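Asks: Input file: target_21.cif. Contents: mmCIF, C-alpha atoms.
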```cif
data_start
#
loop_
_atom_site.group_PDB
_atom_site.id
_atom_site.type_symbol
_atom_site.label_atom_id
_atom_site.label_comp_id
_atom_site.auth_asym_id
_atom_site.auth_seq_id
_atom_site.Cartn_x
_atom_site.Cartn_y
_atom_site.Cartn_z
ATOM 1 C CA MET A 637 9.781 28.106 36.123
ATOM 2 C CA LEU A 638 11.056 29.842 33.004
ATOM 3 C CA ARG A 639 13.897 27.336 32.756
ATOM 4 C CA PHE A 640 11.424 24.448 33.047
ATOM 5 C CA ALA A 641 9.268 25.895 30.282
ATOM 6 C CA ALA A 642 12.330 26.256 28.035
ATOM 7 C CA VAL A 643 13.362 22.658 28.685
ATOM 8 C CA VAL A 644 9.835 21.438 27.901
ATOM 9 C CA ALA A 645 9.763 23.508 24.715
ATOM 10 C CA VAL A 646 13.121 22.120 23.526
ATOM 11 C CA ALA A 647 12.068 18.577 24.436
ATOM 12 C CA LEU A 648 8.832 18.989 22.490
ATOM 13 C CA ALA A 649 10.679 20.415 19.533
ATOM 14 C CA PHE A 650 12.955 17.378 19.361
ATOM 15 C CA ALA A 651 10.302 14.864 20.278
ATOM 16 C CA GLY A 652 7.795 16.301 17.817
ATOM 17 C CA PRO A 653 9.055 14.808 14.548
ATOM 18 C CA ALA A 654 9.845 11.472 16.203
ATOM 19 C CA ALA A 655 6.429 11.282 17.810
ATOM 20 C CA ALA A 656 4.850 12.215 14.481
ATOM 21 C CA CYS A 657 5.997 8.908 13.052
ATOM 22 C CA ALA A 658 6.961 6.302 15.570
ATOM 23 C CA HIS A 659 5.893 3.541 13.178
ATOM 24 C CA PRO A 660 6.579 4.386 9.523
ATOM 25 C CA ARG A 661 3.867 3.046 7.246
ATOM 26 C CA THR A 662 6.199 2.273 4.370
ATOM 27 C CA SER A 663 9.903 2.345 3.615
ATOM 28 C CA LEU A 664 12.294 3.914 1.163
ATOM 29 C CA ASN A 665 13.520 0.423 0.248
ATOM 30 C CA TYR A 666 10.041 -0.696 -0.758
ATOM 31 C CA LEU A 667 9.237 2.440 -2.757
ATOM 32 C CA GLN A 668 12.579 2.437 -4.558
ATOM 33 C CA GLY A 669 11.378 -0.640 -6.373
ATOM 34 C CA GLN A 670 7.976 0.869 -7.180
ATOM 35 C CA VAL A 671 9.074 4.243 -8.509
ATOM 36 C CA MET A 672 10.941 4.979 -11.719
ATOM 37 C CA CYS A 673 13.833 7.327 -12.243
ATOM 38 C CA PRO A 674 12.359 9.669 -14.896
ATOM 39 C CA THR A 675 15.621 10.389 -16.668
ATOM 40 C CA CYS A 676 17.161 6.899 -16.735
ATOM 41 C CA HIS A 677 13.991 4.756 -17.125
ATOM 42 C CA THR A 678 14.948 2.246 -14.453
ATOM 43 C CA THR A 679 13.545 1.867 -10.958
ATOM 44 C CA LEU A 680 15.075 4.129 -8.324
ATOM 45 C CA ASP A 681 17.006 1.294 -6.693
ATOM 46 C CA MET A 682 18.868 0.789 -9.973
ATOM 47 C CA SER A 683 19.808 4.422 -10.407
ATOM 48 C CA ASP A 684 22.061 6.914 -8.727
ATOM 49 C CA SER A 685 21.385 9.831 -11.067
ATOM 50 C CA GLN A 686 20.716 13.301 -9.714
ATOM 51 C CA ALA A 687 17.030 13.079 -10.571
ATOM 52 C CA ALA A 688 16.795 9.720 -8.775
ATOM 53 C CA GLN A 689 18.584 11.088 -5.733
ATOM 54 C CA GLN A 690 16.137 13.977 -5.577
ATOM 55 C CA ILE A 691 13.164 11.602 -5.581
ATOM 56 C CA LYS A 692 14.803 9.314 -3.012
ATOM 57 C CA GLY A 693 15.249 12.348 -0.752
ATOM 58 C CA PHE A 694 11.592 13.273 -1.228
ATOM 59 C CA ILE A 695 10.459 9.727 -0.387
ATOM 60 C CA ALA A 696 12.712 9.478 2.678
ATOM 61 C CA LYS A 697 11.302 12.739 3.988
ATOM 62 C CA ARG A 698 7.685 11.648 3.469
ATOM 63 C CA VAL A 699 8.341 8.227 5.040
ATOM 64 C CA ALA A 700 9.700 10.046 8.100
ATOM 65 C CA GLU A 701 6.484 12.081 8.147
ATOM 66 C CA CYS A 702 4.476 8.853 8.272
ATOM 67 C CA TRP A 703 2.987 9.102 4.797
ATOM 68 C CA THR A 704 1.664 5.874 3.344
ATOM 69 C CA ALA A 705 3.100 4.368 0.158
ATOM 70 C CA LYS A 706 -0.107 5.328 -1.662
ATOM 71 C CA GLN A 707 0.120 8.954 -0.515
ATOM 72 C CA ILE A 708 3.745 9.211 -1.603
ATOM 73 C CA GLU A 709 2.989 7.601 -4.959
ATOM 74 C CA SER A 710 0.067 9.992 -5.493
ATOM 75 C CA ALA A 711 2.278 12.990 -4.757
ATOM 76 C CA LEU A 712 4.868 11.727 -7.226
ATOM 77 C CA VAL A 713 2.225 11.068 -9.895
ATOM 78 C CA ALA A 714 0.922 14.626 -9.410
ATOM 79 C CA ASN A 715 4.433 15.900 -10.109
ATOM 80 C CA TYR A 716 5.731 13.558 -12.783
ATOM 81 C CA GLY A 717 2.647 11.892 -14.244
ATOM 82 C CA GLN A 718 1.643 8.211 -14.226
ATOM 83 C CA GLY A 719 4.919 7.207 -15.868
ATOM 84 C CA ILE A 720 6.773 7.652 -12.574
ATOM 85 C CA LEU A 721 5.258 4.404 -11.284
ATOM 86 C CA ALA A 722 6.967 1.162 -12.238
ATOM 87 C CA ALA A 723 3.656 -0.729 -12.350
ATOM 88 C CA PRO A 724 0.752 0.469 -14.501
ATOM 89 C CA SER A 725 -2.446 1.560 -12.752
ATOM 90 C CA HIS A 726 -5.409 -0.780 -12.320
ATOM 91 C CA LYS A 727 -7.831 1.223 -14.444
ATOM 92 C CA GLY A 728 -8.591 2.156 -18.021
ATOM 93 C CA PHE A 729 -6.213 1.139 -20.789
ATOM 94 C CA ASP A 730 -3.521 0.247 -18.232
ATOM 95 C CA LEU A 731 -5.629 -2.737 -17.193
ATOM 96 C CA LEU A 732 -4.493 -4.422 -20.405
ATOM 97 C CA ALA A 733 -0.962 -4.579 -19.018
ATOM 98 C CA TRP A 734 -2.279 -6.664 -16.105
ATOM 99 C CA TRP A 735 -4.733 -8.880 -17.964
ATOM 100 C CA LEU A 736 -2.877 -9.591 -21.210
ATOM 101 C CA PRO A 737 -0.119 -11.675 -19.564
ATOM 102 C CA ILE A 738 -2.730 -13.654 -17.605
ATOM 103 C CA ALA A 739 -4.772 -14.185 -20.770
ATOM 104 C CA GLY A 740 -1.579 -15.215 -22.594
ATOM 105 C CA VAL A 741 -0.701 -17.773 -19.923
ATOM 106 C CA LEU A 742 -4.257 -19.161 -19.937
ATOM 107 C CA VAL A 743 -4.375 -19.456 -23.725
ATOM 108 C CA GLY A 744 -0.921 -21.054 -23.697
ATOM 109 C CA ALA A 745 -1.988 -23.561 -21.040
ATOM 110 C CA LEU A 746 -5.144 -24.408 -22.999
ATOM 111 C CA LEU A 747 -3.183 -24.917 -26.206
ATOM 112 C CA LEU A 748 -0.658 -27.086 -24.375
ATOM 113 C CA ALA A 749 -3.395 -29.158 -22.746
ATOM 114 C CA PHE A 750 -5.136 -29.619 -26.084
ATOM 115 C CA GLY A 751 -1.841 -30.579 -27.745
ATOM 116 C CA VAL A 752 -1.045 -33.179 -25.060
ATOM 117 C CA TRP A 753 -4.564 -34.606 -25.244
ATOM 118 C CA HIS A 754 -4.420 -34.785 -29.032
ATOM 119 C CA TRP A 755 -0.961 -36.371 -29.050
ATOM 120 C CA SER A 756 -1.856 -38.991 -26.429
ATOM 121 C CA ARG A 757 -5.017 -39.923 -28.336
ATOM 122 C CA ARG A 758 -3.041 -40.549 -31.509
ATOM 123 C CA ARG A 759 -0.552 -42.800 -29.740
ATOM 124 C CA GLU A 760 -3.167 -45.002 -27.968
ATOM 125 C CA PRO A 761 -3.472 -48.450 -29.624
ATOM 126 C CA GLU A 762 -6.828 -48.779 -31.184
ATOM 127 C CA GLU A 763 -8.754 -51.606 -29.558
ATOM 128 C CA PRO A 764 -11.704 -52.702 -31.588
ATOM 129 C CA ASP A 765 -14.886 -53.270 -29.591
ATOM 130 C CA GLU A 766 -15.833 -56.334 -31.674
ATOM 131 C CA PRO A 767 -13.647 -58.719 -33.645
ATOM 132 C CA PRO A 768 -13.704 -57.790 -37.280
ATOM 133 C CA ALA A 769 -16.118 -59.715 -39.409
ATOM 134 C CA SER A 770 -14.474 -62.461 -41.486
ATOM 135 C CA GLY A 771 -16.815 -62.026 -44.408
ATOM 136 C CA LEU A 772 -17.593 -65.805 -44.528
ATOM 137 C CA ASP A 773 -21.038 -67.283 -44.292
ATOM 138 C CA GLU A 774 -22.053 -69.290 -41.215
ATOM 139 C CA GLU A 775 -21.657 -72.727 -42.827
ATOM 140 C CA THR A 776 -18.118 -72.039 -44.061
ATOM 141 C CA GLU A 777 -17.166 -70.611 -40.725
ATOM 142 C CA ARG A 778 -18.415 -73.679 -38.895
ATOM 143 C CA ARG A 779 -16.451 -75.957 -41.204
ATOM 144 C CA LEU A 780 -13.353 -73.851 -40.811
ATOM 145 C CA ASP A 781 -13.691 -74.048 -37.016
ATOM 146 C CA ASP A 782 -14.042 -77.854 -37.242
ATOM 147 C CA LEU A 783 -10.911 -78.085 -39.354
ATOM 148 C CA LEU A 784 -8.950 -75.874 -36.995
ATOM 149 C CA THR A 785 -9.980 -77.909 -33.943
ATOM 150 C CA ARG A 786 -8.476 -80.974 -35.548
ATOM 151 C CA PHE A 787 -5.079 -79.296 -35.568
ATOM 152 C CA ASP A 788 -5.328 -78.283 -31.866
ATOM 153 C CA MET B 736 -10.221 -31.401 -38.248
ATOM 154 C CA THR B 737 -6.527 -31.694 -37.275
ATOM 155 C CA ARG B 738 -5.445 -29.969 -40.462
ATOM 156 C CA ARG B 739 -7.858 -27.112 -39.854
ATOM 157 C CA LEU B 740 -6.601 -26.732 -36.288
ATOM 158 C CA LYS B 741 -3.008 -26.702 -37.456
ATOM 159 C CA ALA B 742 -3.809 -24.022 -40.033
ATOM 160 C CA THR B 743 -5.576 -21.913 -37.397
ATOM 161 C CA ALA B 744 -2.619 -22.219 -35.015
ATOM 162 C CA GLN B 745 -0.235 -21.183 -37.793
ATOM 163 C CA LEU B 746 -2.468 -18.230 -38.637
ATOM 164 C CA VAL B 747 -2.542 -17.125 -34.986
ATOM 165 C CA ALA B 748 1.253 -17.424 -34.729
ATOM 166 C CA LEU B 749 1.703 -15.417 -37.943
ATOM 167 C CA ALA B 750 -0.730 -12.751 -36.744
ATOM 168 C CA SER B 751 1.170 -12.478 -33.440
ATOM 169 C CA VAL B 752 4.501 -12.033 -35.207
ATOM 170 C CA ALA B 753 2.953 -9.470 -37.581
ATOM 171 C CA GLY B 754 1.481 -7.600 -34.600
ATOM 172 C CA LEU B 755 4.843 -7.462 -32.824
ATOM 173 C CA LEU B 756 6.530 -6.265 -36.011
ATOM 174 C CA ALA B 757 3.899 -3.552 -36.465
ATOM 175 C CA LEU B 758 4.481 -2.441 -32.863
ATOM 176 C CA LEU B 759 8.227 -2.246 -33.473
ATOM 177 C CA VAL B 760 7.753 -0.186 -36.659
ATOM 178 C CA TRP B 761 5.287 2.118 -34.892
ATOM 179 C CA SER B 762 7.697 2.767 -32.009
ATOM 180 C CA VAL B 763 10.577 3.474 -34.408
ATOM 181 C CA VAL B 764 8.449 5.841 -36.510
ATOM 182 C CA HIS B 765 7.094 7.660 -33.453
ATOM 183 C CA GLN B 766 10.460 8.081 -31.771
ATOM 184 C CA GLN B 767 10.969 11.671 -30.675
ATOM 185 C CA HIS B 768 13.693 13.567 -32.459
ATOM 186 C CA ALA B 769 14.988 17.021 -31.703
ATOM 187 C CA PRO B 770 13.569 19.530 -34.209
ATOM 188 C CA GLY B 771 16.381 20.573 -36.505
ATOM 189 C CA VAL B 772 17.457 24.092 -37.347
ATOM 190 C CA GLY B 773 14.910 25.646 -39.723
ATOM 191 C CA SER B 774 12.041 23.390 -38.672
ATOM 192 C CA MET B 775 9.011 24.504 -36.685
ATOM 193 C CA ALA B 776 9.332 24.205 -32.918
ATOM 194 C CA PRO B 777 6.728 21.771 -31.517
ATOM 195 C CA ALA B 778 3.717 23.639 -30.125
ATOM 196 C CA PHE B 779 2.903 23.256 -26.448
ATOM 197 C CA THR B 780 0.888 24.627 -23.573
ATOM 198 C CA LEU B 781 2.352 24.218 -20.094
ATOM 199 C CA ARG B 782 1.348 25.246 -16.599
ATOM 200 C CA ARG B 783 3.236 28.043 -14.949
ATOM 201 C CA LEU B 784 5.636 26.849 -12.267
ATOM 202 C CA GLU B 785 4.631 29.732 -10.034
ATOM 203 C CA GLY B 786 1.163 31.171 -9.766
ATOM 204 C CA THR B 787 -1.716 29.855 -11.791
ATOM 205 C CA GLY B 788 -2.585 29.495 -15.437
ATOM 206 C CA SER B 789 -0.714 28.159 -18.383
ATOM 207 C CA VAL B 790 1.378 29.500 -21.223
ATOM 208 C CA SER B 791 1.323 28.411 -24.837
ATOM 209 C CA LEU B 792 4.259 28.818 -27.173
ATOM 210 C CA ALA B 793 1.898 30.008 -29.924
ATOM 211 C CA SER B 794 1.067 33.120 -27.888
ATOM 212 C CA TYR B 795 4.627 34.357 -28.497
ATOM 213 C CA ARG B 796 4.438 34.071 -32.293
ATOM 214 C CA GLY B 797 5.971 37.222 -33.764
ATOM 215 C CA LYS B 798 8.652 37.394 -31.069
ATOM 216 C CA PRO B 799 12.028 35.671 -30.832
ATOM 217 C CA VAL B 800 11.935 33.052 -28.067
ATOM 218 C CA VAL B 801 14.703 31.533 -25.985
ATOM 219 C CA LEU B 802 13.491 28.194 -24.654
ATOM 220 C CA ASN B 803 15.653 26.896 -21.840
ATOM 221 C CA PHE B 804 15.132 23.365 -20.439
ATOM 222 C CA TRP B 805 16.387 22.862 -16.912
ATOM 223 C CA ALA B 806 15.835 21.040 -13.610
ATOM 224 C CA SER B 807 16.646 21.875 -10.007
ATOM 225 C CA TRP B 808 18.752 18.709 -9.610
ATOM 226 C CA CYS B 809 20.942 19.680 -12.561
ATOM 227 C CA GLU B 810 24.310 21.070 -11.448
ATOM 228 C CA PRO B 811 25.250 22.974 -14.661
ATOM 229 C CA CYS B 812 21.811 24.631 -14.560
ATOM 230 C CA LYS B 813 22.879 26.439 -11.395
ATOM 231 C CA THR B 814 25.812 28.200 -13.038
ATOM 232 C CA GLU B 815 23.776 28.861 -16.161
ATOM 233 C CA ALA B 816 20.860 30.442 -14.260
ATOM 234 C CA ALA B 817 22.629 33.707 -13.437
ATOM 235 C CA VAL B 818 23.782 34.159 -17.052
ATOM 236 C CA LEU B 819 20.296 33.488 -18.390
ATOM 237 C CA GLU B 820 18.794 36.033 -16.013
ATOM 238 C CA ARG B 821 21.395 38.618 -17.027
ATOM 239 C CA ASP B 822 20.760 37.984 -20.737
ATOM 240 C CA TRP B 823 16.992 38.111 -20.185
ATOM 241 C CA THR B 824 17.209 41.521 -18.565
ATOM 242 C CA SER B 825 19.386 42.827 -21.373
ATOM 243 C CA TYR B 826 17.362 41.353 -24.293
ATOM 244 C CA ARG B 827 13.791 41.751 -23.022
ATOM 245 C CA SER B 828 13.731 45.413 -24.053
ATOM 246 C CA ARG B 829 14.384 44.241 -27.620
ATOM 247 C CA GLY B 830 11.306 42.047 -27.547
ATOM 248 C CA VAL B 831 13.097 38.752 -26.931
ATOM 249 C CA VAL B 832 11.101 36.324 -24.770
ATOM 250 C CA PHE B 833 12.819 33.901 -22.404
ATOM 251 C CA LEU B 834 10.912 30.803 -21.239
ATOM 252 C CA GLY B 835 12.220 28.272 -18.769
ATOM 253 C CA VAL B 836 10.879 24.722 -18.927
ATOM 254 C CA ASP B 837 11.481 22.706 -15.770
ATOM 255 C CA TYR B 838 11.310 18.994 -16.455
ATOM 256 C CA HIS B 839 11.284 15.762 -14.426
ATOM 257 C CA ASP B 840 11.442 17.788 -11.254
ATOM 258 C CA LEU B 841 9.667 18.259 -7.959
ATOM 259 C CA GLY B 842 7.628 21.463 -8.074
ATOM 260 C CA SER B 843 8.720 22.523 -4.584
ATOM 261 C CA ASP B 844 12.423 22.084 -5.385
ATOM 262 C CA ALA B 845 11.999 23.884 -8.701
ATOM 263 C CA ARG B 846 10.316 26.881 -7.047
ATOM 264 C CA ARG B 847 13.111 26.988 -4.470
ATOM 265 C CA PHE B 848 15.639 26.976 -7.334
ATOM 266 C CA VAL B 849 13.890 29.892 -9.073
ATOM 267 C CA SER B 850 13.784 31.856 -5.861
ATOM 268 C CA ALA B 851 17.407 31.067 -4.908
ATOM 269 C CA HIS B 852 18.673 32.253 -8.292
ATOM 270 C CA ALA B 853 16.279 35.214 -8.455
ATOM 271 C CA LEU B 854 15.020 34.211 -11.897
ATOM 272 C CA THR B 855 12.352 36.543 -13.227
ATOM 273 C CA PHE B 856 11.525 35.194 -16.698
ATOM 274 C CA PRO B 857 8.435 32.951 -17.042
ATOM 275 C CA MET B 858 8.927 29.409 -15.782
ATOM 276 C CA LEU B 859 6.801 26.473 -16.944
ATOM 277 C CA GLU B 860 6.577 22.983 -15.544
ATOM 278 C CA ASP B 861 6.818 19.791 -17.533
ATOM 279 C CA GLY B 862 6.981 17.231 -14.754
ATOM 280 C CA SER B 863 5.989 14.319 -16.981
ATOM 281 C CA GLY B 864 8.518 15.376 -19.619
ATOM 282 C CA ASN B 865 5.954 15.102 -22.454
ATOM 283 C CA VAL B 866 6.902 18.417 -24.048
ATOM 284 C CA THR B 867 10.578 17.992 -23.294
ATOM 285 C CA SER B 868 10.672 14.646 -25.089
ATOM 286 C CA ARG B 869 9.139 16.264 -28.180
ATOM 287 C CA TYR B 870 12.135 18.566 -28.208
ATOM 288 C CA GLY B 871 14.456 15.549 -28.038
ATOM 289 C CA ILE B 872 16.006 16.694 -24.784
ATOM 290 C CA SER B 873 18.384 14.056 -23.473
ATOM 291 C CA GLN B 874 20.136 16.038 -20.781
ATOM 292 C CA VAL B 875 19.711 19.409 -19.164
ATOM 293 C CA PRO B 876 20.387 22.204 -19.631
ATOM 294 C CA GLU B 877 19.539 22.538 -23.292
ATOM 295 C CA THR B 878 18.428 25.711 -25.032
ATOM 296 C CA TYR B 879 16.524 26.426 -28.225
ATOM 297 C CA VAL B 880 16.423 29.815 -29.899
ATOM 298 C CA LEU B 881 13.316 30.333 -32.061
ATOM 299 C CA ASN B 882 12.717 33.092 -34.570
ATOM 300 C CA ARG B 883 9.568 35.195 -34.903
ATOM 301 C CA GLN B 884 7.918 32.525 -37.050
ATOM 302 C CA GLY B 885 8.517 29.851 -34.435
ATOM 303 C CA ARG B 886 11.291 28.142 -36.375
ATOM 304 C CA VAL B 887 14.431 26.794 -34.712
ATOM 305 C CA VAL B 888 17.453 29.044 -35.198
ATOM 306 C CA ALA B 889 19.771 27.208 -32.806
ATOM 307 C CA HIS B 890 19.783 24.250 -30.449
ATOM 308 C CA LEU B 891 22.479 24.291 -27.785
ATOM 309 C CA ARG B 892 22.976 20.931 -26.067
ATOM 310 C CA GLY B 893 24.641 22.102 -22.890
ATOM 311 C CA PRO B 894 24.902 25.178 -20.684
ATOM 312 C CA ILE B 895 25.107 28.489 -22.498
ATOM 313 C CA THR B 896 27.970 29.292 -20.127
ATOM 314 C CA ASP B 897 30.021 26.743 -22.040
ATOM 315 C CA PRO B 898 32.785 28.709 -23.835
ATOM 316 C CA GLY B 899 31.809 27.070 -27.108
ATOM 317 C CA PHE B 900 28.172 28.135 -26.791
ATOM 318 C CA ALA B 901 28.331 31.685 -25.418
ATOM 319 C CA GLY B 902 29.020 33.286 -28.819
ATOM 320 C CA GLU B 903 26.661 30.938 -30.645
ATOM 321 C CA PHE B 904 23.850 31.762 -28.217
ATOM 322 C CA ARG B 905 24.105 35.508 -28.699
ATOM 323 C CA ASP B 906 24.494 35.200 -32.463
ATOM 324 C CA ALA B 907 21.372 33.042 -32.540
ATOM 325 C CA ILE B 908 19.380 35.641 -30.605
ATOM 326 C CA VAL B 909 20.493 38.367 -33.005
ATOM 327 C CA LYS B 910 19.563 36.150 -35.975
ATOM 328 C CA ALA B 911 16.190 35.250 -34.429
ATOM 329 C CA ALA B 912 15.366 38.901 -33.766
ATOM 330 C CA ALA B 913 16.324 40.039 -37.284
#
```
Show this structure as structure tokens.

Replies:
Amino acid sequence: MLRFAAVVAVALAFAGPAAACAHPRTSLNYLQGQVMCPTCHTTLDMSDSQAAQQIKGFIAKRVAECWTAKQIESALVANYGQGILAAPSHKGFDLLAWWLPIAGVLVGALLLAFGVWHWSRRREPEEPDEPPASGLDEETERRLDDLLTRFD
Amino acid sequence: MTRRLKATAQLVALASVAGLLALLVWSVVHQQHAPGVGSMAPAFTLRRLEGTGSVSLASYRGKPVVLNFWASWCEPCKTEAAVLERDWTSYRSRGVVFLGVDYHDLGSDARRFVSAHALTFPMLEDGSGNVTSRYGISQVPETYVLNRQGRVVAHLRGPITDPGFAGEFRDAIVKAAA
């Protein structure tokens, strides 16, 4: 009985961590691209510095404990500040970093569209709605028409 | 109409270039440089690594201060730690204050480092590196020695265990305490 209890205890001890996270909710690979190395100012996947290795170890451990990407990022922000994240947050002044490029692209597209429209308008041959007036009175015009018909 | 539009577009382009130039100048002007010898050490208030509360550099005005920047992932910091602790125990009776500033580090690893090396002088955390950057720290360990007025007496860029620094470090403490 004692032996059985010991076997169960050992089995539980080994099974425990695995059972705690059978399906990791994020991966080290994903987070390496989202988190900065604080000393080298590149993302973790681009760095092999000691500081980067420490953070990679921290992330790997938390992934194995089934933490979500958001939880891991929050823990890192609590330690290192907002600058540890590669992407700026979606609130406050940081919002500018998200909206300025979109606004830039929109303004650029509008300017381009306006330029194309303006250019195409200038190149279109101008077709007058009515033939231009000759400036002659009706009698002269009639006589001119008669003369021209003789040459037809 | 077309001429006015063209002028507006040129004005917008000029304003954009001027804005980018201004940004460049601002970033160059606001670049952090290490305070030189004789200049005032940048003031700061940092949280204690262990326990609660914070410590401000200003509270040590009137005392010589050794400001050591380190991190748990830094290899040379490990060999330096024992020497710093030994010097702290020998100089503290003469009123010299030692402060450790842990930067760009995980709090848990830093606390483990302090415990493993039995460090007893006050440790502060600068996870974001805001204070550290104001001291122009580019690598750890680096150590500043400040005099009673808070002015920089020495800045050692490397471990104080370095043969070239050992004498300089002690001379700086003596000078700062004078």

Asks: Output as a CSV table (one decimal) with C-alpha atoms, in the coordinates of the input the set of chain A residues within 7 Å of chain B, with distances taken over only C-alpha atoms.

Replies:
```csv
chain,number,residue,atom,x,y,z
A,674,PRO,CA,12.4,9.7,-14.9
A,686,GLN,CA,20.7,13.3,-9.7
A,687,ALA,CA,17.0,13.1,-10.6
A,690,GLN,CA,16.1,14.0,-5.6
A,715,ASN,CA,4.4,15.9,-10.1
A,716,TYR,CA,5.7,13.6,-12.8
A,717,GLY,CA,2.6,11.9,-14.2
```

Asks: Residues near Cys676 (chain A), anyone? I mean within 9 Å using all atoms listed in the file, not counting same-chain ones fewer than 5 positions away, as a ChimeraX atom specification.

Replies: /A:683,685,687-688

Asks: Take the PyMOL selection byres ((chain A and resi 711) around 12), run it mentally on this structure, and tell me the resulting residues as a PyMOL selection string.

Replies: (chain A and resi 671+691+694-695+698+703-710+712-718+720-721) or (chain B and resi 841-843+862)

Asks: Mind pulling up the distance from CA of His890 (chain B) to CA of Trp805 (chain B)?

Replies: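 Between these atoms lies a distance of 14.0 Å.
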
Asks: How far is it from CA of Ala853 (chain B) to CA of Thr824 (chain B), in Å with one decimal?

Replies: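 These two atoms are separated by 12.0 Å.
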
Asks: Could you pull the residues within 9 Å of Leu819 (chain B), counting all atoms listed in the file, minus those fewer than 3 positions along the same chain, as a PyMOL selection string?

Replies: chain B and resi 803+815-816+822-824+833+854+895-896

Asks: Can you spell out as JSON, numbers by chain the set of residues that the PyMOL selection byres ((chain B and resi 763-768) around 9) selects in the structure I just provided?

Replies: {"B": [758, 759, 760, 761, 762, 769, 770, 771, 868, 869, 870, 871, 872]}
